[in-house]
Amino acid sequence: MSLLKFSHALILTLASTLPLTSHAALNKNEREIVKQVDKNIPQALKEIEQAANINSGSLNIEGVKKVGALTSEQLKAIGFKVEWLDGSAFNRAGHVLATHESKNPDAIKILMIGHLDTVFAKHDNFTTYKQIDEHTASGPGVADMKGGNTIIITALKSLQALNLLENVSIKVLLTGDEESSGRPLSLSKKAIVDAAIWADVALGFENGDNNIKTAMAARRGYTGWTLNVTANAAHSSQIFSESVGYGAIYEASRILNDFREQLATQPNLTFNPGLIVGGTNADYNSANSSATAFGKSNVIAQTVHVAGDLRALSPKQVEGAKKVMQQIVAKSLNGSQAELIFEDGYPPMGLTEGNKKLLALYSQASQDLGYNKVVAANPRNAGAADISFAANHVDMALDGLGLMGSGAHTKNETADLTSLNKNTAKTALLIYRLGQL
């Protein structure tokens, strides 16, 4: 291999020719990896608890920095060069970037992605880590994704202890704004894009669809949209008249229903109006997702605001949906007018041949360790994630490798602790085998 980035064709060929083994045929190094992961799991559990007990909602700058400092020390302890990338330019805390550069100029370059933040606000009634039983723990962000960060660090710690990182170069990027992205995205996601341009492979440690038998070989993109409708205000007795028209609420209803009728049957395409407010006066504050309105039953509504999202599996599908939605909006009812505004969003992560090959390598690692086969998750079963900003710049990408659980983004979030050892061992074995390509 050259000093340059792996060619797409070369890495796919190498991946497809990696010999398959049985659990009994794990080589000496691989058996030692399993033992080292087992040894490190008790400390990993303590580190998950430490991180979960820090409130690090995306807008809690101090809390995110505390989790960043904790993970930075853990990464420094295994010999990584660690940087804090300040996020003030995009109104967030920032990111942790940790780097291990192999002395082998031909070493494969792997980007490992996690995030420091959670959805829980600074002044929430904060709950702390709690061990529910031998196999289950609860706490804010315990699975999404402080457990995933710990899997990254523990897998690398296990390999470093055995001097098995010499054939891989690694960048670990733990972002501070995955749950609520800083704006503009060109700044807040720049670190991901830059690291992905450097890398050959991207691995994401979100919990995906929380099924240990699947991984995310594809993810849908996310785009926010706002629909603003204005109409003639008048006494309700004049509604439907030629001089007054239908009012803003009927126009908004027409538009939303036409979205549903014309687009809802497309595979992997969804569009959700999550908030609607209307009346004589209506105001929508996108910064804090709140709205106020005043209206009366005998007055025709003058204003409506709708906030929603659009999710699709390919850029082509995104653009096609946007075009149809704008065409629907343009066909205004009498006496009303509307505008549809799309935000910058998360790009889709397509199901590429490279991603399929990486999934096959991960699945083989799982089976060789005596665990289940891993198949591609349905993209409908998980949201957008930071890996989407990396996927188009690497030869292979895979997400959903983190700590499994349930109830993410709620006070009832739990982690399946049986997945900690399994997914850490699978990750460590995958990285080791990628280094042998």
# chains A, B, ... in the order shown; residues from 1 in each chain; ligands from 1
call {"tool": "select_by_dssp", "arguments": {"residues": "segment 206-271 of chain A", "states": "strand (DSSP E or B)", "output": "PyMOL selection string"}}
result
chain A and resi 214-216+219+221-231+235+270-271
call {"tool": "residues_around", "arguments": {"residues": "segment 380-391 of chain A", "least_positions_apart": "5", "cutoff": "7 Å", "atoms": "only C-alpha atoms", "output": "PyMOL selection string"}}
result
chain A and resi 113+178+192-193+196+202+204+208-209+219-222+268+346-349+397
call {"tool": "closest_residue", "arguments": {"among": "A:Leu417, A:Ala25, A:Met404, A:Ala425", "to": "Thr214 of chain A", "atoms": "only C-alpha atoms"}}
result
A:Met404
call {"tool": "residues_around", "arguments": {"residues": "Thr154 of chain A", "least_positions_apart": "5", "cutoff": "10 Å", "atoms": "only C-alpha atoms", "output": "NGL selection string"}}
result
:A and (36-37 or 40-41 or 43-44 or 47 or 74-75 or 78 or 148-149 or 159-160 or 420-421 or 424-425 or 427-428)
call {"tool": "write_last_selection", "arguments": {"atoms": "all heavy atoms", "output": "short mmCIF file (atom, residue, chain, number, x, y, z; two decimals), in the first residue's frame"}}
result
data_model
loop_
_atom_site.label_atom_id
_atom_site.label_comp_id
_atom_site.auth_asym_id
_atom_site.auth_seq_id
_atom_site.Cartn_x
_atom_site.Cartn_y
_atom_site.Cartn_z
N GLN A 36 -7.60 -9.60 27.55
CA GLN A 36 -7.33 -8.23 27.99
C GLN A 36 -8.62 -7.43 28.12
O GLN A 36 -8.78 -6.64 29.06
CB GLN A 36 -6.37 -7.55 27.01
CG GLN A 36 -5.78 -6.25 27.52
CD GLN A 36 -4.87 -6.46 28.73
OE1 GLN A 36 -4.08 -7.39 28.77
NE2 GLN A 36 -5.01 -5.59 29.73
N VAL A 37 -9.54 -7.63 27.19
CA VAL A 37 -10.84 -6.95 27.29
C VAL A 37 -11.55 -7.38 28.57
O VAL A 37 -12.07 -6.54 29.32
CB VAL A 37 -11.71 -7.23 26.05
CG1 VAL A 37 -13.15 -6.77 26.27
CG2 VAL A 37 -11.12 -6.54 24.82
N ASN A 40 -10.30 -5.61 31.52
CA ASN A 40 -10.57 -4.18 31.58
C ASN A 40 -12.04 -3.82 31.82
O ASN A 40 -12.36 -2.65 32.03
CB ASN A 40 -10.10 -3.51 30.28
CG ASN A 40 -8.59 -3.45 30.17
OD1 ASN A 40 -7.88 -3.40 31.18
ND2 ASN A 40 -8.08 -3.45 28.95
N ILE A 41 -12.93 -4.80 31.77
CA ILE A 41 -14.36 -4.50 31.90
C ILE A 41 -14.74 -3.90 33.26
O ILE A 41 -15.53 -2.95 33.31
CB ILE A 41 -15.20 -5.76 31.59
CG1 ILE A 41 -15.11 -6.09 30.10
CG2 ILE A 41 -16.66 -5.55 31.99
CD1 ILE A 41 -15.58 -5.00 29.16
N GLN A 43 -13.12 -1.85 35.18
CA GLN A 43 -12.79 -0.43 35.12
C GLN A 43 -13.70 0.30 34.14
O GLN A 43 -14.08 1.45 34.38
CB GLN A 43 -11.32 -0.24 34.73
CG GLN A 43 -10.86 1.21 34.65
CD GLN A 43 -10.99 1.95 35.96
OE1 GLN A 43 -10.85 1.35 37.03
NE2 GLN A 43 -11.26 3.26 35.91
N ALA A 44 -14.06 -0.36 33.05
CA ALA A 44 -14.96 0.25 32.08
C ALA A 44 -16.31 0.60 32.71
O ALA A 44 -16.88 1.67 32.46
CB ALA A 44 -15.15 -0.68 30.88
N GLU A 47 -15.99 3.71 34.64
CA GLU A 47 -15.87 4.90 33.79
C GLU A 47 -17.21 5.31 33.20
O GLU A 47 -17.48 6.51 33.03
CB GLU A 47 -14.82 4.63 32.70
CG GLU A 47 -13.41 4.53 33.28
CD GLU A 47 -12.36 4.10 32.28
OE1 GLU A 47 -12.72 3.86 31.10
OE2 GLU A 47 -11.17 4.01 32.66
N GLN A 74 -8.39 9.67 30.07
CA GLN A 74 -8.40 8.24 29.76
C GLN A 74 -7.64 7.94 28.47
O GLN A 74 -6.93 6.93 28.38
CB GLN A 74 -9.85 7.75 29.65
CG GLN A 74 -10.60 7.79 30.98
CD GLN A 74 -12.10 7.71 30.83
OE1 GLN A 74 -12.62 7.66 29.70
NE2 GLN A 74 -12.82 7.69 31.93
N LEU A 75 -7.77 8.81 27.49
CA LEU A 75 -7.07 8.61 26.21
C LEU A 75 -5.58 8.93 26.33
O LEU A 75 -4.74 8.26 25.74
CB LEU A 75 -7.73 9.46 25.13
CG LEU A 75 -9.10 8.93 24.67
CD1 LEU A 75 -9.91 10.03 24.00
CD2 LEU A 75 -8.93 7.75 23.72
N ILE A 78 -3.46 6.05 27.63
CA ILE A 78 -3.06 4.96 26.73
C ILE A 78 -2.18 5.47 25.59
O ILE A 78 -2.04 4.82 24.56
CB ILE A 78 -4.28 4.19 26.19
CG1 ILE A 78 -5.27 5.11 25.46
CG2 ILE A 78 -4.98 3.46 27.31
CD1 ILE A 78 -6.43 4.37 24.81
N GLY A 148 -20.96 4.04 24.80
CA GLY A 148 -20.26 3.90 23.53
C GLY A 148 -18.86 4.48 23.58
O GLY A 148 -17.90 3.90 23.04
N ASN A 149 -18.71 5.65 24.23
CA ASN A 149 -17.38 6.24 24.39
C ASN A 149 -16.46 5.30 25.16
O ASN A 149 -15.27 5.16 24.83
CB ASN A 149 -17.48 7.57 25.15
CG ASN A 149 -18.27 8.62 24.41
OD1 ASN A 149 -18.44 8.56 23.20
ND2 ASN A 149 -18.78 9.59 25.15
N LEU A 159 -5.90 -3.10 23.27
CA LEU A 159 -4.93 -3.31 22.19
C LEU A 159 -3.58 -2.68 22.56
O LEU A 159 -2.52 -3.26 22.29
CB LEU A 159 -5.46 -2.70 20.89
CG LEU A 159 -6.66 -3.42 20.28
CD1 LEU A 159 -7.27 -2.58 19.15
CD2 LEU A 159 -6.27 -4.80 19.75
N GLN A 160 -3.61 -1.51 23.17
CA GLN A 160 -2.37 -0.83 23.53
C GLN A 160 -1.58 -1.62 24.56
O GLN A 160 -0.35 -1.71 24.50
CB GLN A 160 -2.70 0.57 24.06
CG GLN A 160 -1.48 1.45 24.34
CD GLN A 160 -0.96 1.30 25.76
OE1 GLN A 160 -1.64 0.73 26.61
NE2 GLN A 160 0.25 1.79 26.00
N LEU A 420 -21.55 -4.81 26.86
CA LEU A 420 -20.30 -4.08 27.04
C LEU A 420 -19.10 -4.93 26.68
O LEU A 420 -18.27 -4.53 25.85
CB LEU A 420 -20.20 -3.58 28.49
CG LEU A 420 -18.91 -2.85 28.85
CD1 LEU A 420 -18.71 -1.60 28.00
CD2 LEU A 420 -18.90 -2.48 30.34
N ASN A 421 -18.98 -6.09 27.29
CA ASN A 421 -17.85 -6.96 26.99
C ASN A 421 -17.89 -7.41 25.53
O ASN A 421 -16.88 -7.39 24.82
CB ASN A 421 -17.89 -8.19 27.92
CG ASN A 421 -16.62 -9.02 27.84
OD1 ASN A 421 -16.13 -9.31 26.77
ND2 ASN A 421 -16.09 -9.40 29.00
N THR A 424 -17.10 -4.49 23.05
CA THR A 424 -15.70 -4.06 23.20
C THR A 424 -14.77 -5.08 22.56
O THR A 424 -13.82 -4.71 21.84
CB THR A 424 -15.36 -3.88 24.69
OG1 THR A 424 -16.26 -2.94 25.29
CG2 THR A 424 -13.94 -3.37 24.86
N ALA A 425 -15.01 -6.35 22.80
CA ALA A 425 -14.17 -7.40 22.21
C ALA A 425 -14.30 -7.40 20.68
O ALA A 425 -13.30 -7.54 19.96
CB ALA A 425 -14.56 -8.76 22.77
N THR A 427 -15.04 -4.87 18.78
CA THR A 427 -14.35 -3.68 18.28
C THR A 427 -12.85 -3.88 18.27
O THR A 427 -12.17 -3.57 17.28
CB THR A 427 -14.72 -2.45 19.13
OG1 THR A 427 -16.12 -2.19 19.00
CG2 THR A 427 -13.93 -1.23 18.70
N ALA A 428 -12.31 -4.38 19.36
CA ALA A 428 -10.87 -4.59 19.44
C ALA A 428 -10.40 -5.59 18.39
O ALA A 428 -9.37 -5.37 17.73
CB ALA A 428 -10.50 -5.08 20.85
#
call {"tool": "residues_around", "arguments": {"residues": "Val394 of chain A", "least_positions_apart": "5", "cutoff": "9 Å", "atoms": "only C-alpha atoms", "output": "ChimeraX atom specification"}}
result
/A:8,196-202,354
call {"tool": "residues_around", "arguments": {"residues": "Ile276 of chain A", "least_positions_apart": "4", "cutoff": "12 Å", "atoms": "only C-alpha atoms", "output": "tab-separated table (two decimals) with N, CA and C atoms, in the first residue's frame"}}
result
chain	number	residue	atom	x	y	z
A	226	THR	N	-39.22	24.53	8.04
A	226	THR	CA	-40.24	25.38	8.66
A	226	THR	C	-41.20	25.85	7.58
A	227	LEU	N	-42.48	25.71	7.84
A	227	LEU	CA	-43.54	26.18	6.94
A	227	LEU	C	-44.19	27.39	7.59
A	228	ASN	N	-44.17	28.51	6.89
A	228	ASN	CA	-44.81	29.73	7.36
A	228	ASN	C	-45.95	30.10	6.42
A	229	VAL	N	-47.14	30.28	6.97
A	229	VAL	CA	-48.33	30.57	6.18
A	229	VAL	C	-48.96	31.87	6.68
A	248	ALA	N	-55.26	30.87	7.16
A	248	ALA	CA	-53.95	30.23	7.25
A	248	ALA	C	-54.01	28.78	7.73
A	249	ILE	N	-54.95	28.46	8.61
A	249	ILE	CA	-55.00	27.10	9.14
A	249	ILE	C	-55.45	26.11	8.07
A	252	ALA	N	-52.43	25.63	5.73
A	252	ALA	CA	-51.43	24.76	6.32
A	252	ALA	C	-51.89	23.30	6.32
A	253	SER	N	-53.16	23.09	6.60
A	253	SER	CA	-53.71	21.74	6.60
A	253	SER	C	-53.65	21.12	5.21
A	256	LEU	N	-49.91	20.15	4.45
A	256	LEU	CA	-49.45	18.97	5.19
A	256	LEU	C	-50.11	17.69	4.68
A	272	ASN	N	-41.92	14.72	9.23
A	272	ASN	CA	-42.76	14.82	10.42
A	272	ASN	C	-42.97	16.27	10.82
A	282	ALA	N	-49.30	34.46	15.81
A	282	ALA	CA	-48.59	33.25	16.19
A	282	ALA	C	-47.09	33.47	16.03
A	283	ASP	N	-46.33	33.06	17.03
A	283	ASP	CA	-44.88	33.21	17.01
A	283	ASP	C	-44.22	31.88	17.33
A	284	TYR	N	-43.18	31.55	16.56
A	284	TYR	CA	-42.43	30.31	16.76
A	284	TYR	C	-40.98	30.67	17.02
A	285	ASN	N	-40.43	30.21	18.14
A	285	ASN	CA	-39.04	30.43	18.50
A	285	ASN	C	-38.26	29.15	18.25
A	286	SER	N	-37.54	29.11	17.15
A	286	SER	CA	-36.82	27.89	16.78
A	286	SER	C	-35.67	27.59	17.73
A	289	SER	N	-37.47	25.86	20.57
A	289	SER	CA	-38.57	24.98	20.14
A	289	SER	C	-39.87	25.28	20.90
A	290	SER	N	-40.21	26.55	21.01
A	290	SER	CA	-41.43	26.94	21.70
A	290	SER	C	-42.25	27.87	20.81
A	291	ALA	N	-43.53	28.00	21.12
A	291	ALA	CA	-44.42	28.82	20.31
A	291	ALA	C	-45.51	29.42	21.17
A	292	THR	N	-46.05	30.55	20.73
A	292	THR	CA	-47.19	31.19	21.39
A	292	THR	C	-48.18	31.63	20.32
A	293	ALA	N	-49.46	31.72	20.69
A	293	ALA	CA	-50.48	32.11	19.71
A	293	ALA	C	-51.66	32.77	20.41
A	303	THR	N	-52.06	33.60	10.68
A	303	THR	CA	-50.68	33.11	10.67
A	303	THR	C	-50.61	31.67	11.17
A	304	VAL	N	-49.79	30.87	10.52
A	304	VAL	CA	-49.47	29.51	10.98
A	304	VAL	C	-47.98	29.26	10.79
A	305	HIS	N	-47.37	28.64	11.78
A	305	HIS	CA	-45.99	28.17	11.66
A	305	HIS	C	-45.96	26.67	11.95
A	306	VAL	N	-45.25	25.92	11.13
A	306	VAL	CA	-45.07	24.49	11.33
A	306	VAL	C	-43.58	24.18	11.29
A	307	ALA	N	-43.10	23.40	12.25
A	307	ALA	CA	-41.70	22.97	12.26
A	307	ALA	C	-41.64	21.46	12.13
A	308	GLY	N	-40.79	20.97	11.25
A	308	GLY	CA	-40.71	19.53	11.04
A	308	GLY	C	-39.35	19.08	10.59
